[in-house]
Amino acid sequence: RNYLTKELVEELDLYLYRKIGHDWKIVEKNWEKVRDHLVHSMTNCGFPVIMVEDGDYGKRGELYLRHVFEDRELDIKYLEKTLVHVYQLWNRPVHLETRIDNKPALFTFDGEKGSRKFL
């Protein structure tokens with residue numbers, strides 16, 4: 001973050017791109033946004049930070065996890081699939097607190113079905 005200056009971003013011709021349809025398109029050239037995206041993707045190797053809040057949530061042996069929100073939402077599709085696998089390891093309902101549309105949300109998988117609610 002300290003060394004990726006405006007001049008260096010411009011010299012290296014760095015930008016953000018995304019696949020739109022069948023083509024790759026440049027979606028951002030602002031040097032600060034490019035820098036911040038690169039720095040963020042290097043933090044924790046780009047993986048979100050998930051903390052165990054409680055291993056006996058509700059005094060029922062349920063697992064309560066919390067996503068350390070750093071201005072990047074989790075991919076809901078992968079979040080829901082991951083809760084299924086965590087349930088298989090924990091063998092009890094699993095809860096994950098995160099933020100969706102800047103509102104706190106709780107995702108749960110109880111062994112049969114997943115649910116979500118805004119807190």
# chains A, B, ... in the order shown; residues from 1 in each chain; ligands from 1
$ select_by_dssp --residues "range 1-89 of chain A" --states "strand (DSSP E or B)" --output "list in words"
Leu16, Tyr17, Arg18, Lys19, Ile20, Asp23, Trp24, Lys25, Ile26, Val27, Glu28, Ile50, Met51, Val52, Glu53, Asp54, Gly55, Asp56, Tyr57, Glu62, Leu63, Tyr64, Leu65, Arg66 and His67 of chain A
$ residues_around --residues "range 25-32 of chain A" --least-positions-apart "3" --cutoff "7 Å" --atoms "only C-alpha atoms" --output "JSON, numbers by chain"
{"A": [6, 9, 15, 16, 17, 18, 19, 20, 35, 36]}
$ write_last_selection --atoms "all heavy atoms" --output "mmCIF file, in the first residue's frame"
data_model
loop_
_atom_site.group_PDB
_atom_site.id
_atom_site.type_symbol
_atom_site.label_atom_id
_atom_site.label_comp_id
_atom_site.auth_asym_id
_atom_site.auth_seq_id
_atom_site.Cartn_x
_atom_site.Cartn_y
_atom_site.Cartn_z
ATOM 1 N N LYS A 6 0.722 6.374 -7.456
ATOM 2 C CA LYS A 6 0.015 6.715 -8.690
ATOM 3 C C LYS A 6 0.946 6.557 -9.889
ATOM 4 O O LYS A 6 0.559 5.987 -10.914
ATOM 5 C CB LYS A 6 -0.502 8.149 -8.610
ATOM 6 C CG LYS A 6 -1.208 8.602 -9.865
ATOM 7 C CD LYS A 6 -1.710 10.027 -9.735
ATOM 8 C CE LYS A 6 -2.416 10.419 -11.022
ATOM 9 N NZ LYS A 6 -2.912 11.786 -10.990
ATOM 10 N N VAL A 9 1.526 2.795 -10.649
ATOM 11 C CA VAL A 9 0.331 2.183 -11.240
ATOM 12 C C VAL A 9 0.216 2.596 -12.701
ATOM 13 O O VAL A 9 -0.066 1.768 -13.575
ATOM 14 C CB VAL A 9 -0.940 2.566 -10.443
ATOM 15 C CG1 VAL A 9 -2.201 2.166 -11.199
ATOM 16 C CG2 VAL A 9 -0.927 1.913 -9.068
ATOM 17 N N TYR A 15 -4.772 -1.947 -14.063
ATOM 18 C CA TYR A 15 -6.200 -1.645 -14.080
ATOM 19 C C TYR A 15 -6.954 -2.878 -13.617
ATOM 20 O O TYR A 15 -6.388 -3.951 -13.479
ATOM 21 C CB TYR A 15 -6.666 -1.222 -15.476
ATOM 22 C CG TYR A 15 -6.220 -2.171 -16.572
ATOM 23 C CD1 TYR A 15 -6.937 -3.324 -16.859
ATOM 24 C CD2 TYR A 15 -5.067 -1.912 -17.305
ATOM 25 C CE1 TYR A 15 -6.526 -4.206 -17.836
ATOM 26 C CE2 TYR A 15 -4.640 -2.787 -18.300
ATOM 27 C CZ TYR A 15 -5.372 -3.920 -18.550
ATOM 28 O OH TYR A 15 -4.956 -4.794 -19.520
ATOM 29 N N LEU A 16 -8.247 -2.705 -13.356
ATOM 30 C CA LEU A 16 -9.107 -3.823 -12.979
ATOM 31 C C LEU A 16 -9.948 -4.199 -14.184
ATOM 32 O O LEU A 16 -10.406 -3.322 -14.923
ATOM 33 C CB LEU A 16 -10.006 -3.441 -11.804
ATOM 34 C CG LEU A 16 -9.291 -3.003 -10.528
ATOM 35 C CD1 LEU A 16 -10.312 -2.596 -9.474
ATOM 36 C CD2 LEU A 16 -8.387 -4.093 -10.010
ATOM 37 N N TYR A 17 -10.158 -5.467 -14.363
ATOM 38 C CA TYR A 17 -10.949 -5.937 -15.501
ATOM 39 C C TYR A 17 -11.889 -7.036 -15.057
ATOM 40 O O TYR A 17 -11.729 -7.636 -14.002
ATOM 41 C CB TYR A 17 -10.049 -6.421 -16.637
ATOM 42 C CG TYR A 17 -9.130 -7.547 -16.231
ATOM 43 C CD1 TYR A 17 -9.516 -8.871 -16.399
ATOM 44 C CD2 TYR A 17 -7.885 -7.287 -15.679
ATOM 45 C CE1 TYR A 17 -8.689 -9.911 -16.020
ATOM 46 C CE2 TYR A 17 -7.044 -8.324 -15.295
ATOM 47 C CZ TYR A 17 -7.449 -9.621 -15.475
ATOM 48 O OH TYR A 17 -6.628 -10.656 -15.104
ATOM 49 N N ARG A 18 -12.902 -7.273 -15.877
ATOM 50 C CA ARG A 18 -13.909 -8.283 -15.576
ATOM 51 C C ARG A 18 -14.417 -8.840 -16.904
ATOM 52 O O ARG A 18 -14.477 -8.141 -17.907
ATOM 53 C CB ARG A 18 -15.055 -7.635 -14.807
ATOM 54 C CG ARG A 18 -16.168 -8.594 -14.449
ATOM 55 C CD ARG A 18 -17.286 -7.961 -13.639
ATOM 56 N NE ARG A 18 -16.789 -7.004 -12.668
ATOM 57 C CZ ARG A 18 -17.347 -5.828 -12.412
ATOM 58 N NH1 ARG A 18 -18.428 -5.451 -13.047
ATOM 59 N NH2 ARG A 18 -16.839 -5.021 -11.509
ATOM 60 N N LYS A 19 -14.826 -10.102 -16.873
ATOM 61 C CA LYS A 19 -15.398 -10.711 -18.073
ATOM 62 C C LYS A 19 -16.859 -10.287 -18.171
ATOM 63 O O LYS A 19 -17.656 -10.524 -17.279
ATOM 64 C CB LYS A 19 -15.291 -12.224 -18.032
ATOM 65 C CG LYS A 19 -15.643 -12.870 -19.350
ATOM 66 C CD LYS A 19 -15.244 -14.319 -19.396
ATOM 67 C CE LYS A 19 -15.476 -14.847 -20.799
ATOM 68 N NZ LYS A 19 -14.990 -16.196 -20.966
ATOM 69 N N ILE A 20 -17.177 -9.637 -19.272
ATOM 70 C CA ILE A 20 -18.536 -9.189 -19.546
ATOM 71 C C ILE A 20 -18.951 -9.843 -20.856
ATOM 72 O O ILE A 20 -18.390 -9.547 -21.904
ATOM 73 C CB ILE A 20 -18.615 -7.651 -19.632
ATOM 74 C CG1 ILE A 20 -18.156 -7.035 -18.310
ATOM 75 C CG2 ILE A 20 -20.027 -7.202 -19.993
ATOM 76 C CD1 ILE A 20 -18.044 -5.534 -18.317
ATOM 77 N N ARG A 35 -4.999 0.128 -6.610
ATOM 78 C CA ARG A 35 -4.088 -0.163 -5.497
ATOM 79 C C ARG A 35 -4.821 -0.860 -4.356
ATOM 80 O O ARG A 35 -4.372 -1.876 -3.842
ATOM 81 C CB ARG A 35 -3.467 1.147 -4.986
ATOM 82 C CG ARG A 35 -2.565 0.926 -3.766
ATOM 83 C CD ARG A 35 -2.367 2.163 -2.935
ATOM 84 N NE ARG A 35 -3.643 2.648 -2.437
ATOM 85 C CZ ARG A 35 -3.854 3.889 -2.032
ATOM 86 N NH1 ARG A 35 -2.885 4.776 -2.084
ATOM 87 N NH2 ARG A 35 -5.033 4.249 -1.587
ATOM 88 N N ASP A 36 -5.966 -0.290 -3.967
ATOM 89 C CA ASP A 36 -6.715 -0.862 -2.841
ATOM 90 C C ASP A 36 -7.166 -2.289 -3.135
ATOM 91 O O ASP A 36 -7.130 -3.156 -2.263
ATOM 92 C CB ASP A 36 -7.912 0.017 -2.488
ATOM 93 C CG ASP A 36 -7.483 1.356 -1.894
ATOM 94 O OD1 ASP A 36 -6.293 1.505 -1.513
ATOM 95 O OD2 ASP A 36 -8.335 2.260 -1.825
#
$ closest_residue --among "A:Ser41, A:Pro93, A:Phe47, A:Leu83" --to "Lys59 in chain A" --atoms "only C-alpha atoms"
A:Pro93
$ atom_distance --atom1 "CA of His85 in chain A" --atom2 "CA of Tyr64 in chain A"
14.4 Å
$ atom_distance --atom1 "CA of Thr82 in chain A" --atom2 "CA of Ile100 in chain A"
16.8 Å
$ select_by_dssp --residues "range 15-87 of chain A" --states "helix (DSSP H, G or I)" --output "list in words"
Trp31, Glu32, Lys33, Val34, Arg35, Asp36, His37, Leu38, Val39, His40, Ser41, Met42, Thr43, Asn44, Cys45, Gly46, Ile76, Lys77, Tyr78, Leu79, Glu80, Lys81, Thr82, Leu83, Val84, His85, Val86 and Tyr87 of chain A
$ atom_distance --atom1 "CA of Leu63 in chain A" --atom2 "CA of Val94 in chain A"
4.8 Å
$ residues_around --residues "Glu62 in chain A" --least-positions-apart "5" --cutoff "8 Å" --atoms "only C-alpha atoms" --output "list in words"
Asp54, Gly55, Asp56, Tyr57, Arg92, Pro93, Val94 and His95 of chain A
$ write_last_selection --atoms "C-alpha atoms" --output "short mmCIF file (atom, residue, chain, number, x, y, z; two decimals), in the first residue's frame"
data_model
loop_
_atom_site.label_atom_id
_atom_site.label_comp_id
_atom_site.auth_asym_id
_atom_site.auth_seq_id
_atom_site.Cartn_x
_atom_site.Cartn_y
_atom_site.Cartn_z
CA ASP A 54 -18.97 -19.53 20.15
CA GLY A 55 -18.54 -23.31 20.04
CA ASP A 56 -21.53 -23.90 22.32
CA TYR A 57 -23.97 -21.36 20.91
CA ARG A 92 -24.39 -29.68 14.76
CA PRO A 93 -26.07 -26.56 13.34
CA VAL A 94 -23.68 -23.91 12.09
CA HIS A 95 -24.31 -20.14 12.03
#
$ closest_residue --among "A:Glu73, A:Gly61, A:Gly114, A:Phe107" --to "Asn91 in chain A" --atoms "only C-alpha atoms"
A:Gly61
$ closest_residue --among "A:His37, A:His22, A:Lys113, A:Arg1" --to "Lys81 in chain A" --atoms "only C-alpha atoms"
A:Lys113
$ residues_around --residues "Val49 in chain A" --least-positions-apart "6" --cutoff "8 Å" --atoms "only C-alpha atoms" --output "tab-separated table (two decimals) with all heavy atoms, in the first residue's frame"
chain	number	residue	atom	x	y	z
A	67	HIS	N	-17.90	-13.42	10.28
A	67	HIS	CA	-17.04	-12.92	9.20
A	67	HIS	C	-16.53	-11.54	9.60
A	67	HIS	O	-17.31	-10.66	9.92
A	67	HIS	CB	-17.87	-12.84	7.91
A	67	HIS	CG	-17.21	-12.11	6.80
A	67	HIS	ND1	-17.88	-11.20	6.02
A	67	HIS	CD2	-15.94	-12.14	6.34
A	67	HIS	CE1	-17.07	-10.71	5.11
A	67	HIS	NE2	-15.88	-11.26	5.29
A	68	VAL	N	-15.21	-11.37	9.60
A	68	VAL	CA	-14.61	-10.06	9.88
A	68	VAL	C	-14.77	-9.25	8.60
A	68	VAL	O	-14.00	-9.41	7.65
A	68	VAL	CB	-13.14	-10.19	10.30
A	68	VAL	CG1	-12.55	-8.81	10.56
A	68	VAL	CG2	-13.01	-11.08	11.53
A	69	PHE	N	-15.80	-8.42	8.57
A	69	PHE	CA	-16.17	-7.68	7.36
A	69	PHE	C	-15.17	-6.57	7.10
A	69	PHE	O	-14.93	-5.72	7.95
A	69	PHE	CB	-17.59	-7.12	7.51
A	69	PHE	CG	-18.11	-6.48	6.27
A	69	PHE	CD1	-18.58	-7.27	5.24
A	69	PHE	CD2	-18.13	-5.11	6.11
A	69	PHE	CE1	-19.07	-6.70	4.07
A	69	PHE	CE2	-18.62	-4.53	4.96
A	69	PHE	CZ	-19.09	-5.33	3.94
$ closest_residue --among "A:Arg60, A:Arg66, A:Lys33, A:Lys117" --to "Lys103 in chain A" --atoms "only C-alpha atoms"
A:Lys117
